[in-house]
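Here the structure comes first, spelled out in structure tokens, and everything after it is commentary.
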Amino acid sequence: MPSVSMRQLLEAGVHFGHQTRRWNPKMRPFIFAERNGIHIIDLAQTAQRLEVALAFVRDTVARGELVLFVGTKKQAQEPVAQEATRAGMPYVNKRWLGGMMTNFVTIKKRMALLEQLEARQGAGDFERMTKKEAAKLTEEMTKLQGTLGGMRKMKRVPGAIFIVDPHRERIAVTEANKLEIPVVGTGDTNVDPDEIDFIIPANDDAIRAIRLLCALVAEAAIEGASERSARSTGEPGGMEPMAMPEAEEEAAGASDELVAALAGGAALTFEPDADDDDLLPGDRAARA
């Protein structure tokens with residue numbers, strides 16, 4: 001079962017929001033406190049919302065649908081690709097092209113072109129071309145691999161989209177909303193929660209937080225795939241309803257743990273690991 005403790009959420013920095021001046025007032029219900037000009041996210045609500053979101057992801061995959069992972073900011077690219085691949089799910093981690101959902105017919109044609117180019121390269125066709133022709137096709141293929149490579153397995157629009165930083169991925173959110181594709185999204189203190197069907201109140205800038213959340217969503221997808229496989233093979237039992245370990249007790253004690261951490265000063269200073277050097281300048285400023 002996908003599980004996470006309150007301590008893991010704290011250690012990953014999931015509770016750090018943006019500077020108070022950069023907030024969206026609609027996120028007020030998910031904010032626990034303000035310290036040193038930074039909003040602190042209520043981890044009790046994070047745990048509760050996370051449980052609901054993970055159950056939805058599991059059930060979506062169990063129905064035979066795909067969940068598209070999306071995260072194009074620098075610090076999200078690796079965990080999005082890695083965890084989506086581990087779960088056998090499609091992903092977009094370089095650039096969201098306008099129309100990826102609303103004009104999926106065209107996107108499918110571009111993916112078909114990518115497969116053709118790769119097949120021609122594998123067959124040695126590029127070696128028989130002039131250098132100029134081969135270079136042009138190689139450039140086109142590389143470009144398509146970057147933008148569409150992670151979506152190869154998608155034959156139709158996904159059953160849901162998991163988005164890291166919906167505030168940044170506004171076009172993806174808009175297209176999903178237009179097509180009524182459910183959106184599971186991280187909800188930092190600057191997002192509009194009304195646009196997200198299953199919001200996970202969380203820091204979506206720190207690499208450790210992003211990795212943790214992506215891994216949990218991937219685990220939920222893997223569970224859903226296992227459940228579907230068990231059903232198709234006629235294995236008895238199936239999956240038990242997913243629940244976070246001791247979820248109610250964790251949620252009940254979350255505020256107390258946050259209070260203790262804040263009182264002790266532990267949560268007042270953001271301590272990035274070496275990987276957090278990859279934060280974009282604007283993201284680093286948000287944590288200053």
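Labels for the structure tokens follow display order: chains A, B, ..., residues from 1 in each chain, ligands from 1.
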Show which residues sit within 8 Å of range 192-207 of chain A, as a PyMOL selection string. Count only C-alpha atoms, and ignore same-chain residues fewer than 6 positions away. chain A and resi 12-17+24+26-27+30+41-43+45-46+49-50+52-53+75-76+164-165+167+173+177+182-186+272+275-276+279+283
Within range 157-189 of chain A, find each residue whose DSSP state, derived from the backbone, is helix (DSSP H, G or I), and express the selection as number ranges by chain. A: 170-178
Can you list, as a ChimeraX atom specification, every protein, DNA or RNA residue that comes within 8 Å of Glu169 in chain A when you count only C-alpha atoms, leaving out same-chain residues fewer than 5 positions away? /A:71-72,96,163-164
Got a sec: who's within 10 Å of Val61 in chain A, counting only C-alpha atoms, leaving out chain neighbours fewer than 4 positions off, as a short mmCIF file (atom, residue, chain, number, x, y, z; two decimals) with C-alpha atoms, in the first residue's frame?
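Below you can see out28.cif, which holds the result:
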data_model
loop_
_atom_site.label_atom_id
_atom_site.label_comp_id
_atom_site.auth_asym_id
_atom_site.auth_seq_id
_atom_site.Cartn_x
_atom_site.Cartn_y
_atom_site.Cartn_z
CA PHE A 56 -8.50 7.65 -7.16
CA VAL A 57 -5.28 6.96 -9.09
CA GLU A 65 -7.15 3.76 -17.86
CA LEU A 66 -3.79 5.48 -17.98
CA VAL A 67 -2.67 8.32 -15.72
CA MET A 89 2.42 5.25 -17.21
CA PRO A 158 -5.77 9.44 -20.36
CA GLY A 159 -8.24 8.62 -17.62
CA ALA A 160 -6.58 11.21 -15.39
CA ALA A 220 -0.89 3.79 -6.40
CA ALA A 221 -0.82 3.25 -10.17
CA ILE A 222 1.14 0.03 -9.73
CA GLU A 223 -1.45 -1.19 -7.23
CA GLY A 224 -4.21 -0.42 -9.71
CA ALA A 225 -2.44 -2.37 -12.43
CA SER A 226 -1.98 -5.31 -10.09
CA GLU A 227 -5.64 -5.26 -9.17
CA ARG A 228 -6.66 -5.23 -12.83
#
Using only C-alpha atoms, which protein or nucleic acid residues come within 7 Å of range 132-141 of chain A? Drop anything in the same chain fewer than 4 positions from it, and give the result as a list of chain:residue names. A:Leu114, A:Leu117, A:Phe126, A:Gln145
If DSSP is run on the backbone, what residues of range 17-203 of chain A are strand (DSSP E or B)? A reply as a PyMOL selection string would be ideal. chain A and resi 17-19+31-35+38-41+67-70+91-92+160-163+183-187+198-201
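Within 8 Å of Arg211 in chain A, once only C-alpha atoms are used and residues closer than 3 positions along the same chain are dropped, the contacting residues are Ala76, Pro79, Val80, Ile207, Arg208, Cys214 and Ala215 of chain A.
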In terms of only C-alpha atoms, the residue from A:Pro25, A:Gly150, A:Gly99, A:Gly122 at minimal distance from Phe69 in chain A is A:Gly150
Using only C-alpha atoms, tabulate the residues of range 117-234 of chain A lying at most 10 Å from any atom of range 4-8 of chain A, each with its closest atom pair and that distance in Å to one decimal, by chain and increasing residue number, as a Markdown table.
| residue | atom | partner | partner_atom | distance |
| --- | --- | --- | --- | --- |
| A:Ala209 | CA | A:Gln8 | CA | 9.4 |
| A:Leu212 | CA | A:Gln8 | CA | 8.6 |
| A:Leu213 | CA | A:Val4 | CA | 9.6 |
| A:Leu216 | CA | A:Val4 | CA | 8.1 |
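Each of A:Ala84, A:Arg22, A:Thr130, A:Leu144 was compared to Leu113 in chain A using only C-alpha atoms, and A:Leu144 turns out to be the nearest.
Considering the residues A:Leu68, A:Pro166, A:Thr189, A:Arg86 and counting only C-alpha atoms, Phe32 in chain A has its shortest atom-to-atom contact with A:Thr189.
Put simply, CA of Thr142 in chain A is 21.1 Å away from CA of Lys155 in chain A.
Each of A:Ile40, A:Leu54, A:Ile210, A:Phe104 was checked against Arg156 in chain A using only C-alpha atoms; the smallest atom-to-atom distance is that of A:Phe104.
Distance-wise, CA of Met151 in chain A and CA of Glu118 in chain A end up 15.0 Å apart.
Our summary of the geometry notes that CA of Lys73 in chain A is positioned 12.5 Å from CA of Arg170 in chain A.
Proximity ranking of A:Asp125, A:Ile38, A:Ala172, A:His18 relative to Gly98 in chain A places A:Ala172 first, based on only C-alpha atoms.
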Of A:His39, A:Val217, A:Ser232, A:Trp23, the one nearest to Asp59 in chain A when counting only C-alpha atoms is A:Val217
